[in-house]
Amino acid sequence: FMALPNGARVLDIGTGNGVVPLIGLDVARGRSITFEIHGVDLAQIDPPSHVADGKRLFEGITFSGGVSAEALPFEAACYEAVSGQYVLEYTEQESVLREVRRVMLEGAPARFVLHHVASTIVRNAHESLQHAQELEHRAEAFSDLRAFASAERNRALGTDAIHSRMIERMQNMLRLAAESKGSNLLAGVLLPALGDLYDRRRALSSTDFNAALDAIYHSFKSMEQRLHELINASLDETAMQRLANLAGECGFHPVQFAPLWHDAENLVGWQLDLVAAAN
């Protein structure tokens, strides 16, 4: 963003909650210039409405949801820069690269950040998956809570034994969360949700309790699926070289990639830099 001219048209693909466009907007303001920034995503996004103080933060940025990166709804040669953070690796890459080249002006830069197989993010995803397995299968957190609530409601024999087993298992989960090096799946998401439902169990009907527990479990399985997808999408150097070669075939030159570090200890991904070559 520091190298772009005043008034540059910028496209951010897979924009999510608008982090990259916001960086561009901040840079433009700091340079006392303006950019025309457009963020697109396959999901039905609306960052100005969904982010705190979003209408002010994103003023001047246009967001469009339901947009496939493989079929961008823009005219040819209309953007002076394209960006994408953790998106290209999830797509049909050749189609996206050809579409990106189509909408870019000759000589325009594109920069993508992609998941590195050895990054801190991927390492944390592996740890989170291990925690997910512990929670569901070893601790049996969901089935224990359901069995206890039912037994307590029906004053069944063995309720105290179920409760004792559940508490012991959850204490083990809390210790596992405290020892985590980077995963927030347990401490930040699931254990608080299950704890809150446990506290509210007597105020809920059996139907409402089970519905609430089902909702937590569904959210848990969705998070688990996203973790699998993240890990499967991560790239090693060989995969990055193939992607760089493909970018060359799709109309970019030069093409460069390198590991991207947050600091000396935290690898955050690959940085892929492209320049739209002459057609």
# chains A, B, ... in the order shown; residues from 1 in each chain; ligands from 1
$ residues_around --residues "Pro21 of chain A" --least-positions-apart "2" --cutoff "9 Å" --atoms "only C-alpha atoms" --output "tab-separated table (two decimals) with N, CA, C and O atoms, in the first residue's frame"
chain	number	residue	atom	x	y	z
A	10	VAL	N	-8.02	-0.79	-5.65
A	10	VAL	CA	-7.45	-1.97	-5.01
A	10	VAL	C	-8.56	-2.99	-4.78
A	10	VAL	O	-9.65	-2.65	-4.30
A	11	LEU	N	-8.26	-4.26	-5.09
A	11	LEU	CA	-9.21	-5.35	-4.85
A	11	LEU	C	-8.62	-6.31	-3.84
A	11	LEU	O	-7.50	-6.79	-4.01
A	12	ASP	N	-9.37	-6.60	-2.77
A	12	ASP	CA	-8.97	-7.60	-1.78
A	12	ASP	C	-9.91	-8.79	-1.89
A	12	ASP	O	-11.12	-8.66	-1.72
A	15	THR	N	-11.97	-11.29	1.60
A	15	THR	CA	-11.70	-10.21	2.55
A	15	THR	C	-12.17	-10.48	3.97
A	15	THR	O	-11.69	-9.86	4.91
A	18	GLY	N	-12.59	-7.76	6.67
A	18	GLY	CA	-12.06	-6.51	6.15
A	18	GLY	C	-10.75	-6.04	6.73
A	18	GLY	O	-10.44	-4.85	6.64
A	19	VAL	N	-9.95	-6.95	7.27
A	19	VAL	CA	-8.69	-6.54	7.90
A	19	VAL	C	-7.74	-5.90	6.89
A	19	VAL	O	-7.17	-4.83	7.15
A	23	ILE	N	-6.24	-1.97	6.60
A	23	ILE	CA	-4.83	-1.58	6.57
A	23	ILE	C	-4.57	-0.61	5.42
A	23	ILE	O	-3.90	0.42	5.56
A	24	GLY	N	-5.14	-0.94	4.25
A	24	GLY	CA	-4.97	-0.05	3.10
A	24	GLY	C	-5.54	1.32	3.35
A	24	GLY	O	-4.93	2.34	3.00
A	25	LEU	N	-6.71	1.38	3.98
A	25	LEU	CA	-7.33	2.66	4.28
A	25	LEU	C	-6.48	3.46	5.26
A	25	LEU	O	-6.29	4.68	5.09
A	26	ASP	N	-5.94	2.79	6.28
A	26	ASP	CA	-5.08	3.48	7.25
A	26	ASP	C	-3.82	4.02	6.60
A	26	ASP	O	-3.37	5.13	6.91
A	37	ILE	N	-11.04	1.13	-2.59
A	37	ILE	CA	-10.82	-0.24	-2.14
A	37	ILE	C	-12.11	-1.03	-2.20
A	37	ILE	O	-13.16	-0.59	-1.73
A	38	HIS	N	-12.01	-2.24	-2.78
A	38	HIS	CA	-13.17	-3.13	-2.90
A	38	HIS	C	-12.78	-4.46	-2.29
A	38	HIS	O	-11.79	-5.08	-2.71
A	39	GLY	N	-13.54	-4.93	-1.31
A	39	GLY	CA	-13.31	-6.23	-0.70
A	39	GLY	C	-14.41	-7.19	-1.07
A	39	GLY	O	-15.60	-6.86	-0.94
A	58	PHE	N	-14.73	1.59	8.27
A	58	PHE	CA	-14.66	1.16	6.88
A	58	PHE	C	-15.21	2.19	5.90
A	58	PHE	O	-15.46	1.86	4.74
A	61	ILE	N	-14.79	2.13	1.90
A	61	ILE	CA	-14.50	0.80	1.37
A	61	ILE	C	-15.81	0.15	0.93
A	61	ILE	O	-16.81	0.21	1.64
A	83	SER	N	-4.95	-7.97	-3.51
A	83	SER	CA	-4.41	-8.63	-2.32
A	83	SER	C	-5.32	-9.78	-1.92
A	83	SER	O	-6.48	-9.85	-2.32
$ residues_around --residues "Asn184 of chain A" --least-positions-apart "3" --cutoff "10 Å" --atoms "only C-alpha atoms" --output "mmCIF file with N, CA and C atoms, in the first residue's frame"
data_model
loop_
_atom_site.group_PDB
_atom_site.id
_atom_site.type_symbol
_atom_site.label_atom_id
_atom_site.label_comp_id
_atom_site.auth_asym_id
_atom_site.auth_seq_id
_atom_site.Cartn_x
_atom_site.Cartn_y
_atom_site.Cartn_z
ATOM 1 N N ASN A 124 -0.686 -24.407 15.583
ATOM 2 C CA ASN A 124 -1.778 -24.229 16.540
ATOM 3 C C ASN A 124 -3.028 -24.992 16.105
ATOM 4 N N ALA A 125 -3.238 -25.087 14.796
ATOM 5 C CA ALA A 125 -4.394 -25.839 14.293
ATOM 6 C C ALA A 125 -4.256 -27.320 14.629
ATOM 7 N N GLU A 127 -2.655 -28.526 17.196
ATOM 8 C CA GLU A 127 -2.887 -28.647 18.636
ATOM 9 C C GLU A 127 -4.382 -28.550 18.946
ATOM 10 N N SER A 128 -5.071 -27.660 18.260
ATOM 11 C CA SER A 128 -6.508 -27.516 18.476
ATOM 12 C C SER A 128 -7.253 -28.791 18.105
ATOM 13 N N HIS A 131 -6.857 -31.214 20.870
ATOM 14 C CA HIS A 131 -7.738 -30.847 21.969
ATOM 15 C C HIS A 131 -9.183 -31.245 21.667
ATOM 16 N N ALA A 177 -5.939 -27.089 28.716
ATOM 17 C CA ALA A 177 -6.069 -25.746 28.151
ATOM 18 C C ALA A 177 -5.005 -24.812 28.718
ATOM 19 N N ALA A 178 -4.735 -24.932 30.016
ATOM 20 C CA ALA A 178 -3.745 -24.058 30.657
ATOM 21 C C ALA A 178 -2.339 -24.333 30.140
ATOM 22 N N SER A 180 -1.639 -25.223 27.077
ATOM 23 C CA SER A 180 -1.598 -25.025 25.637
ATOM 24 C C SER A 180 -0.565 -23.971 25.246
ATOM 25 N N LYS A 181 0.135 -24.228 24.154
ATOM 26 C CA LYS A 181 1.140 -23.290 23.656
ATOM 27 C C LYS A 181 0.566 -22.282 22.677
ATOM 28 N N ALA A 187 -9.948 -23.141 26.131
ATOM 29 C CA ALA A 187 -10.095 -22.069 27.121
ATOM 30 C C ALA A 187 -10.925 -20.907 26.609
ATOM 31 N N GLY A 188 -10.819 -20.610 25.314
ATOM 32 C CA GLY A 188 -11.484 -19.424 24.802
ATOM 33 C C GLY A 188 -12.856 -19.657 24.222
ATOM 34 N N VAL A 189 -13.181 -20.916 23.904
ATOM 35 C CA VAL A 189 -14.431 -21.172 23.186
ATOM 36 C C VAL A 189 -15.286 -22.240 23.878
ATOM 37 N N LEU A 190 -14.795 -23.479 23.876
ATOM 38 C CA LEU A 190 -15.673 -24.593 24.229
ATOM 39 C C LEU A 190 -15.916 -24.749 25.718
#
$ atom_distance --atom1 "atom CA of Leu274 of chain A" --atom2 "atom CA of His115 of chain A"
17.0 Å
$ residues_around --residues "Gly16 of chain A" --least-positions-apart "2" --cutoff "8 Å" --atoms "only C-alpha atoms" --output "compact mmCIF listing (two decimals) with C-alpha atoms, in the first residue's frame"
# COMPACT_ATOMS: atom_id res chain seq x y z
CA GLY A 14 -11.49 -13.34 0.44
CA GLY A 18 -12.06 -6.51 6.15
CA VAL A 19 -8.69 -6.54 7.90
CA VAL A 40 -15.04 -9.39 -1.94
CA ASP A 41 -15.77 -12.74 -0.33
CA ALA A 43 -19.46 -15.59 2.19
CA ILE A 45 -20.08 -10.51 4.50
CA PRO A 47 -18.00 -5.76 7.92
$ residues_around --residues "segment 163-176 of chain A" --least-positions-apart "4" --cutoff "12 Å" --atoms "only C-alpha atoms" --output "PyMOL selection string"
chain A and resi 127-128+130-152+156-159+180-188+190-192+194-195+198
$ residues_around --residues "Glu80 of chain A" --least-positions-apart "2" --cutoff "8 Å" --atoms "only C-alpha atoms" --output "PDB file with all heavy atoms, in the first residue's frame"
ATOM      1  N   ALA A   8      -5.503   4.954  -6.387  1.00  0.00           N
ATOM      2  CA  ALA A   8      -5.392   3.594  -6.900  1.00  0.00           C
ATOM      3  C   ALA A   8      -6.631   2.773  -6.552  1.00  0.00           C
ATOM      4  O   ALA A   8      -7.166   2.865  -5.445  1.00  0.00           O
ATOM      5  CB  ALA A   8      -4.146   2.923  -6.338  1.00  0.00           C
ATOM      6  N   ARG A   9      -7.044   1.943  -7.513  1.00  0.00           N
ATOM      7  CA  ARG A   9      -8.156   1.009  -7.280  1.00  0.00           C
ATOM      8  C   ARG A   9      -7.562  -0.312  -6.817  1.00  0.00           C
ATOM      9  O   ARG A   9      -6.703  -0.901  -7.492  1.00  0.00           O
ATOM     10  CB  ARG A   9      -8.973   0.803  -8.550  1.00  0.00           C
ATOM     11  CG  ARG A   9      -9.623   2.063  -9.083  1.00  0.00           C
ATOM     12  CD  ARG A   9     -10.607   1.715 -10.186  1.00  0.00           C
ATOM     13  NE  ARG A   9     -11.795   1.072  -9.627  1.00  0.00           N
ATOM     14  CZ  ARG A   9     -12.601   0.275 -10.328  1.00  0.00           C
ATOM     15  NH1 ARG A   9     -12.317  -0.032 -11.583  1.00  0.00           N
ATOM     16  NH2 ARG A   9     -13.669  -0.253  -9.762  1.00  0.00           N
ATOM     17  N   VAL A  10      -8.024  -0.791  -5.654  1.00  0.00           N
ATOM     18  CA  VAL A  10      -7.453  -1.968  -5.009  1.00  0.00           C
ATOM     19  C   VAL A  10      -8.560  -2.991  -4.778  1.00  0.00           C
ATOM     20  O   VAL A  10      -9.647  -2.648  -4.299  1.00  0.00           O
ATOM     21  CB  VAL A  10      -6.796  -1.599  -3.662  1.00  0.00           C
ATOM     22  CG1 VAL A  10      -6.173  -2.831  -3.020  1.00  0.00           C
ATOM     23  CG2 VAL A  10      -5.754  -0.508  -3.853  1.00  0.00           C
ATOM     24  N   CYS A  78      -9.079  -3.221 -14.601  1.00  0.00           N
ATOM     25  CA  CYS A  78      -9.675  -2.117 -13.839  1.00  0.00           C
ATOM     26  C   CYS A  78      -9.059  -1.926 -12.455  1.00  0.00           C
ATOM     27  O   CYS A  78      -9.414  -0.972 -11.758  1.00  0.00           O
ATOM     28  CB  CYS A  78     -11.178  -2.298 -13.723  1.00  0.00           C
ATOM     29  SG  CYS A  78     -11.698  -3.789 -12.855  1.00  0.00           S
ATOM     30  N   VAL A  82      -3.989  -5.980  -6.286  1.00  0.00           N
ATOM     31  CA  VAL A  82      -4.860  -7.025  -5.748  1.00  0.00           C
ATOM     32  C   VAL A  82      -4.164  -7.651  -4.553  1.00  0.00           C
ATOM     33  O   VAL A  82      -2.941  -7.841  -4.556  1.00  0.00           O
ATOM     34  CB  VAL A  82      -5.167  -8.112  -6.804  1.00  0.00           C
ATOM     35  CG1 VAL A  82      -5.939  -9.273  -6.186  1.00  0.00           C
ATOM     36  CG2 VAL A  82      -5.948  -7.525  -7.973  1.00  0.00           C
ATOM     37  N   MET A 104      -6.601  -6.969 -13.653  1.00  0.00           N
ATOM     38  CA  MET A 104      -5.487  -6.093 -13.294  1.00  0.00           C
ATOM     39  C   MET A 104      -4.944  -5.338 -14.499  1.00  0.00           C
ATOM     40  O   MET A 104      -4.883  -5.866 -15.609  1.00  0.00           O
ATOM     41  CB  MET A 104      -4.346  -6.913 -12.662  1.00  0.00           C
ATOM     42  CG  MET A 104      -4.693  -7.515 -11.317  1.00  0.00           C
ATOM     43  SD  MET A 104      -3.344  -8.543 -10.677  1.00  0.00           S
ATOM     44  CE  MET A 104      -2.108  -7.291 -10.302  1.00  0.00           C
ATOM     45  N   LEU A 105      -4.494  -4.123 -14.243  1.00  0.00           N
ATOM     46  CA  LEU A 105      -3.776  -3.363 -15.245  1.00  0.00           C
ATOM     47  C   LEU A 105      -2.389  -3.954 -15.442  1.00  0.00           C
ATOM     48  O   LEU A 105      -1.802  -4.517 -14.512  1.00  0.00           O
ATOM     49  CB  LEU A 105      -3.647  -1.901 -14.809  1.00  0.00           C
ATOM     50  CG  LEU A 105      -4.941  -1.078 -14.820  1.00  0.00           C
ATOM     51  CD1 LEU A 105      -4.747   0.186 -14.001  1.00  0.00           C
ATOM     52  CD2 LEU A 105      -5.336  -0.728 -16.255  1.00  0.00           C
ATOM     53  N   ALA A 108       0.613  -3.981 -12.764  1.00  0.00           N
ATOM     54  CA  ALA A 108       0.063  -3.851 -11.412  1.00  0.00           C
ATOM     55  C   ALA A 108       0.551  -4.996 -10.522  1.00  0.00           C
ATOM     56  O   ALA A 108       0.735  -6.118 -10.985  1.00  0.00           O
ATOM     57  CB  ALA A 108      -1.453  -3.819 -11.460  1.00  0.00           C
ATOM     58  N   PRO A 109       0.757  -4.736  -9.216  1.00  0.00           N
ATOM     59  CA  PRO A 109       1.212  -5.784  -8.303  1.00  0.00           C
ATOM     60  C   PRO A 109       0.050  -6.519  -7.638  1.00  0.00           C
ATOM     61  O   PRO A 109      -1.032  -5.959  -7.445  1.00  0.00           O
ATOM     62  CB  PRO A 109       1.996  -4.992  -7.257  1.00  0.00           C
ATOM     63  CG  PRO A 109       1.246  -3.689  -7.176  1.00  0.00           C
ATOM     64  CD  PRO A 109       0.757  -3.410  -8.580  1.00  0.00           C
TER      65      PRO A 109
END
$ closest_residue --among "A:Asn232, A:Arg111, A:Leu246, A:Asp53" --to "Tyr90 of chain A" --atoms "only C-alpha atoms"
A:Asn232
$ select_by_dssp --residues "segment 9-132 of chain A" --states "strand (DSSP E)" --output "ChimeraX atom specification"
/A:9-13,36-41,61-65,81-85,109-114
$ atom_distance --atom1 "atom CA of Ala215 of chain A" --atom2 "atom CA of Gly65 of chain A"
25.3 Å
$ select_by_dssp --residues "segment 4-223 of chain A" --states "helix (DSSP H, G or I)" --output "count of residues only"
124
$ residues_around --residues "Gly251 of chain A" --least-positions-apart "2" --cutoff "8 Å" --atoms "only C-alpha atoms" --output "ChimeraX atom specification"
/A:98,101,247-249,253,276-279
$ write_last_selection --atoms "N, CA, C and O atoms" --output "PDB file, in the first residue's frame"
ATOM      1  N   ARG A  98      -6.064 -16.592 -13.200  1.00  0.00           N
ATOM      2  CA  ARG A  98      -6.438 -16.035 -14.501  1.00  0.00           C
ATOM      3  C   ARG A  98      -7.445 -14.901 -14.344  1.00  0.00           C
ATOM      4  O   ARG A  98      -7.379 -13.889 -15.071  1.00  0.00           O
ATOM      5  N   ARG A 101      -5.528 -11.857 -12.992  1.00  0.00           N
ATOM      6  CA  ARG A 101      -4.770 -11.200 -14.075  1.00  0.00           C
ATOM      7  C   ARG A 101      -5.705 -10.434 -14.994  1.00  0.00           C
ATOM      8  O   ARG A 101      -5.372  -9.323 -15.472  1.00  0.00           O
ATOM      9  N   ALA A 247       1.364 -19.368 -11.677  1.00  0.00           N
ATOM     10  CA  ALA A 247       1.147 -17.926 -11.809  1.00  0.00           C
ATOM     11  C   ALA A 247       1.838 -17.383 -13.056  1.00  0.00           C
ATOM     12  O   ALA A 247       1.293 -16.517 -13.761  1.00  0.00           O
ATOM     13  N   GLY A 248       3.032 -17.903 -13.345  1.00  0.00           N
ATOM     14  CA  GLY A 248       3.717 -17.496 -14.560  1.00  0.00           C
ATOM     15  C   GLY A 248       2.934 -17.856 -15.803  1.00  0.00           C
ATOM     16  O   GLY A 248       2.852 -17.073 -16.767  1.00  0.00           O
ATOM     17  N   GLU A 249       2.337 -19.050 -15.795  1.00  0.00           N
ATOM     18  CA  GLU A 249       1.531 -19.488 -16.934  1.00  0.00           C
ATOM     19  C   GLU A 249       0.253 -18.666 -17.086  1.00  0.00           C
ATOM     20  O   GLU A 249      -0.324 -18.606 -18.181  1.00  0.00           O
ATOM     21  N   HIS A 253       4.559 -11.890 -14.281  1.00  0.00           N
ATOM     22  CA  HIS A 253       6.016 -11.893 -14.317  1.00  0.00           C
ATOM     23  C   HIS A 253       6.513 -10.515 -13.854  1.00  0.00           C
ATOM     24  O   HIS A 253       6.035  -9.506 -14.362  1.00  0.00           O
ATOM     25  N   ALA A 276       1.469  -8.171 -12.905  1.00  0.00           N
ATOM     26  CA  ALA A 276       0.724  -8.477 -14.118  1.00  0.00           C
ATOM     27  C   ALA A 276       1.569  -8.150 -15.354  1.00  0.00           C
ATOM     28  O   ALA A 276       1.921  -7.001 -15.592  1.00  0.00           O
ATOM     29  N   ALA A 277       1.931  -9.198 -16.110  1.00  0.00           N
ATOM     30  CA  ALA A 277       2.767  -9.014 -17.286  1.00  0.00           C
ATOM     31  C   ALA A 277       1.915  -8.560 -18.477  1.00  0.00           C
ATOM     32  O   ALA A 277       0.683  -8.610 -18.459  1.00  0.00           O
ATOM     33  N   ALA A 278       2.575  -8.136 -19.520  1.00  0.00           N
ATOM     34  CA  ALA A 278       1.867  -7.735 -20.735  1.00  0.00           C
ATOM     35  C   ALA A 278       1.180  -8.946 -21.337  1.00  0.00           C
ATOM     36  O   ALA A 278       1.705 -10.071 -21.321  1.00  0.00           O
ATOM     37  N   ASN A 279      -0.018  -8.750 -21.867  1.00  0.00           N
ATOM     38  CA  ASN A 279      -0.768  -9.848 -22.489  1.00  0.00           C
ATOM     39  C   ASN A 279      -0.127 -10.255 -23.815  1.00  0.00           C
ATOM     40  O   ASN A 279       0.428  -9.447 -24.525  1.00  0.00           O
TER      41      ASN A 279
END
